[in-house]
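A.B. asks: My questions all concern the structure below.
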Amino acid sequence: RTSTCATRTGHKLVFNMCAAELKNFYVRYYIGHKGKFGHEFLEFEFNPDGKLRYANNSQYKNDTIIRKQVHVSPAVLQELKRVIEDSEIMKEDDGNWPQPDRVGRQELEIVLGDEHISFTTSKIGSLLEINETKDPEGLRGFYYLVQDLKCFVFSLIGLHFKIKPI
């Protein structure tokens, strides 16, 4: 899928998100639970202005909350948008997914143009659990998209905040 905002520079075709596309693009993911170590969670959010906010709260062994914030380029947002569009998650419905329980909850919110979805489900321990649900195909798509998004965010945070080069 190509953007309508492509510009040619020399021999390269550069894709940039239009201001309108940036204005209507937002992603937030949360996974967490409340247990013997308190409220433990991982959350990240991409705002239309390119701000990536990341928080990881683990109380295990008295760890403190980790908060990071960084601005990413329109090219990074374009890649994020491509990953989401390729997943076809916007076609899914969480009505037949497991409800959050004492083990925890996951939330994924996406604004993509005129579409706005918000999914809520329980934590997923393994792919075997997915096969036992009422909508294994939809939940599997959610599971794989979340894995991709977490890898994407961890890479961005790791690259940006690395102190010593390898």
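By order in the structure tokens, chains are A, B, ...; within a chain, residues start at 1; ligands start at 1, following the order shown.
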Identify, on the basis of only C-alpha atoms, every residue whose closest approach to segment 25-29 of chain A does not exceed 9 Å; exclude the query and any residue fewer than 3 positions from it along the same chain; express the result as a PDB file with N, CA and C atoms, in the first residue's frame.
C.D. replies:
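Heads up, here's the output in part-v8.pdb:
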ATOM      1  N   ALA A  20      -2.705  15.533   7.619  1.00  0.00           N
ATOM      2  CA  ALA A  20      -4.025  14.963   7.926  1.00  0.00           C
ATOM      3  C   ALA A  20      -3.891  13.522   8.418  1.00  0.00           C
ATOM      4  N   GLU A  21      -2.977  12.744   7.822  1.00  0.00           N
ATOM      5  CA  GLU A  21      -2.765  11.364   8.261  1.00  0.00           C
ATOM      6  C   GLU A  21      -2.192  11.342   9.675  1.00  0.00           C
ATOM      7  N   LEU A  22      -1.238  12.233   9.950  1.00  0.00           N
ATOM      8  CA  LEU A  22      -0.644  12.296  11.280  1.00  0.00           C
ATOM      9  C   LEU A  22      -1.689  12.685  12.322  1.00  0.00           C
ATOM     10  N   LEU A  42       2.828  -2.681  31.653  1.00  0.00           N
ATOM     11  CA  LEU A  42       3.612  -2.142  30.540  1.00  0.00           C
ATOM     12  C   LEU A  42       2.621  -1.356  29.697  1.00  0.00           C
ATOM     13  N   GLU A  43       2.996  -0.145  29.339  1.00  0.00           N
ATOM     14  CA  GLU A  43       2.115   0.680  28.517  1.00  0.00           C
ATOM     15  C   GLU A  43       2.950   1.532  27.576  1.00  0.00           C
ATOM     16  N   PHE A  44       2.465   1.665  26.337  1.00  0.00           N
ATOM     17  CA  PHE A  44       3.089   2.612  25.421  1.00  0.00           C
ATOM     18  C   PHE A  44       2.019   3.236  24.557  1.00  0.00           C
ATOM     19  N   GLU A  45       2.393   4.407  24.026  1.00  0.00           N
ATOM     20  CA  GLU A  45       1.442   5.178  23.245  1.00  0.00           C
ATOM     21  C   GLU A  45       2.192   5.993  22.207  1.00  0.00           C
ATOM     22  N   PHE A  46       1.677   5.983  20.982  1.00  0.00           N
ATOM     23  CA  PHE A  46       2.190   6.844  19.908  1.00  0.00           C
ATOM     24  C   PHE A  46       1.141   7.913  19.659  1.00  0.00           C
ATOM     25  N   ASN A  47       1.551   9.177  19.795  1.00  0.00           N
ATOM     26  CA  ASN A  47       0.653  10.295  19.542  1.00  0.00           C
ATOM     27  C   ASN A  47       0.829  10.801  18.123  1.00  0.00           C
ATOM     28  N   PRO A  48      -0.169  11.546  17.614  1.00  0.00           N
ATOM     29  CA  PRO A  48      -0.088  12.051  16.237  1.00  0.00           C
ATOM     30  C   PRO A  48       1.118  12.948  15.969  1.00  0.00           C
ATOM     31  N   LEU A  77       6.382   6.531  12.106  1.00  0.00           N
ATOM     32  CA  LEU A  77       4.925   6.435  12.218  1.00  0.00           C
ATOM     33  C   LEU A  77       4.324   5.758  10.989  1.00  0.00           C
ATOM     34  N   LYS A  81       2.110   2.434  11.040  1.00  0.00           N
ATOM     35  CA  LYS A  81       0.805   2.407  10.366  1.00  0.00           C
ATOM     36  C   LYS A  81       0.737   1.235   9.392  1.00  0.00           C
ATOM     37  N   GLN A 106      -5.387  -6.799  28.851  1.00  0.00           N
ATOM     38  CA  GLN A 106      -4.680  -6.131  27.762  1.00  0.00           C
ATOM     39  C   GLN A 106      -5.659  -5.172  27.108  1.00  0.00           C
ATOM     40  N   GLU A 107      -5.142  -4.031  26.690  1.00  0.00           N
ATOM     41  CA  GLU A 107      -5.944  -3.051  25.971  1.00  0.00           C
ATOM     42  C   GLU A 107      -5.143  -2.575  24.767  1.00  0.00           C
ATOM     43  N   LEU A 108      -5.809  -2.475  23.638  1.00  0.00           N
ATOM     44  CA  LEU A 108      -5.194  -1.921  22.440  1.00  0.00           C
ATOM     45  C   LEU A 108      -6.183  -0.937  21.843  1.00  0.00           C
ATOM     46  N   GLU A 109      -5.733   0.300  21.696  1.00  0.00           N
ATOM     47  CA  GLU A 109      -6.565   1.340  21.101  1.00  0.00           C
ATOM     48  C   GLU A 109      -5.837   1.899  19.891  1.00  0.00           C
ATOM     49  N   ILE A 110      -6.566   1.998  18.785  1.00  0.00           N
ATOM     50  CA  ILE A 110      -5.973   2.509  17.546  1.00  0.00           C
ATOM     51  C   ILE A 110      -6.952   3.470  16.891  1.00  0.00           C
ATOM     52  N   VAL A 111      -6.443   4.624  16.505  1.00  0.00           N
ATOM     53  CA  VAL A 111      -7.168   5.549  15.646  1.00  0.00           C
ATOM     54  C   VAL A 111      -6.410   5.583  14.331  1.00  0.00           C
ATOM     55  N   LEU A 112      -7.098   5.237  13.262  1.00  0.00           N
ATOM     56  CA  LEU A 112      -6.486   5.162  11.937  1.00  0.00           C
ATOM     57  C   LEU A 112      -7.450   5.821  10.961  1.00  0.00           C
ATOM     58  N   GLY A 113      -7.186   7.094  10.658  1.00  0.00           N
ATOM     59  CA  GLY A 113      -8.103   7.837   9.802  1.00  0.00           C
ATOM     60  C   GLY A 113      -9.424   8.044  10.516  1.00  0.00           C
ATOM     61  N   VAL A 146       0.351  -7.508  18.602  1.00  0.00           N
ATOM     62  CA  VAL A 146       0.899  -7.018  19.869  1.00  0.00           C
ATOM     63  C   VAL A 146       2.377  -7.400  19.992  1.00  0.00           C
ATOM     64  N   LEU A 149       4.239  -5.011  17.786  1.00  0.00           N
ATOM     65  CA  LEU A 149       4.269  -3.659  18.359  1.00  0.00           C
ATOM     66  C   LEU A 149       5.250  -3.574  19.522  1.00  0.00           C
ATOM     67  N   LYS A 150       5.261  -4.596  20.383  1.00  0.00           N
ATOM     68  CA  LYS A 150       6.195  -4.577  21.514  1.00  0.00           C
ATOM     69  C   LYS A 150       7.643  -4.616  21.029  1.00  0.00           C
TER      70      LYS A 150
END
A.B. asks: For the structure I just gave you, how does DSSP split chain A - specifically, which residues are strand (DSSP E or B)? Reply as a ChimeraX atom specification.
C.D. replies: /A:6-9,12-15,25-35,38-46,51-57,66-71,101,104-112,115-122
A.B. asks: Using only C-alpha atoms, find the one residue out of A:Leu128, A:Val153, A:Ile117, A:Asp93 that sits nearest to Lys68 of chain A.
C.D. replies: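 Under the stated criterion, the closest residue is A:Val153.
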A.B. asks: Identify, on the basis of only C-alpha atoms, every residue whose closest approach to Asp148 of chain A does not exceed 12 Å; exclude the query and any residue fewer than 6 positions from it along the same chain; express the result as a PyMOL selection string.
C.D. replies: chain A and resi 29+79-80+82-84+86-87+141-142+154-155
A.B. asks: Which residues, written as JSON, numbers by chain, have at least one atom at most 10 Å from Asn131 of chain A, with only C-alpha atoms counted and residues fewer than 6 positions away on the same chain left out?
C.D. replies: {"A": [137, 139, 140]}
A.B. asks: As number ranges by chain, please: every residue in segment 53-151 of chain A that DSSP puts in alpha helix (DSSP H).
C.D. replies: A: 74-87, 127-131, 136-151
A.B. asks: One decimal, Å: what's the distance from atom CA of Asp135 of chain A over to atom CA of Gln147 of chain A, could you say?
C.D. replies: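 The value is 18.4 Å.
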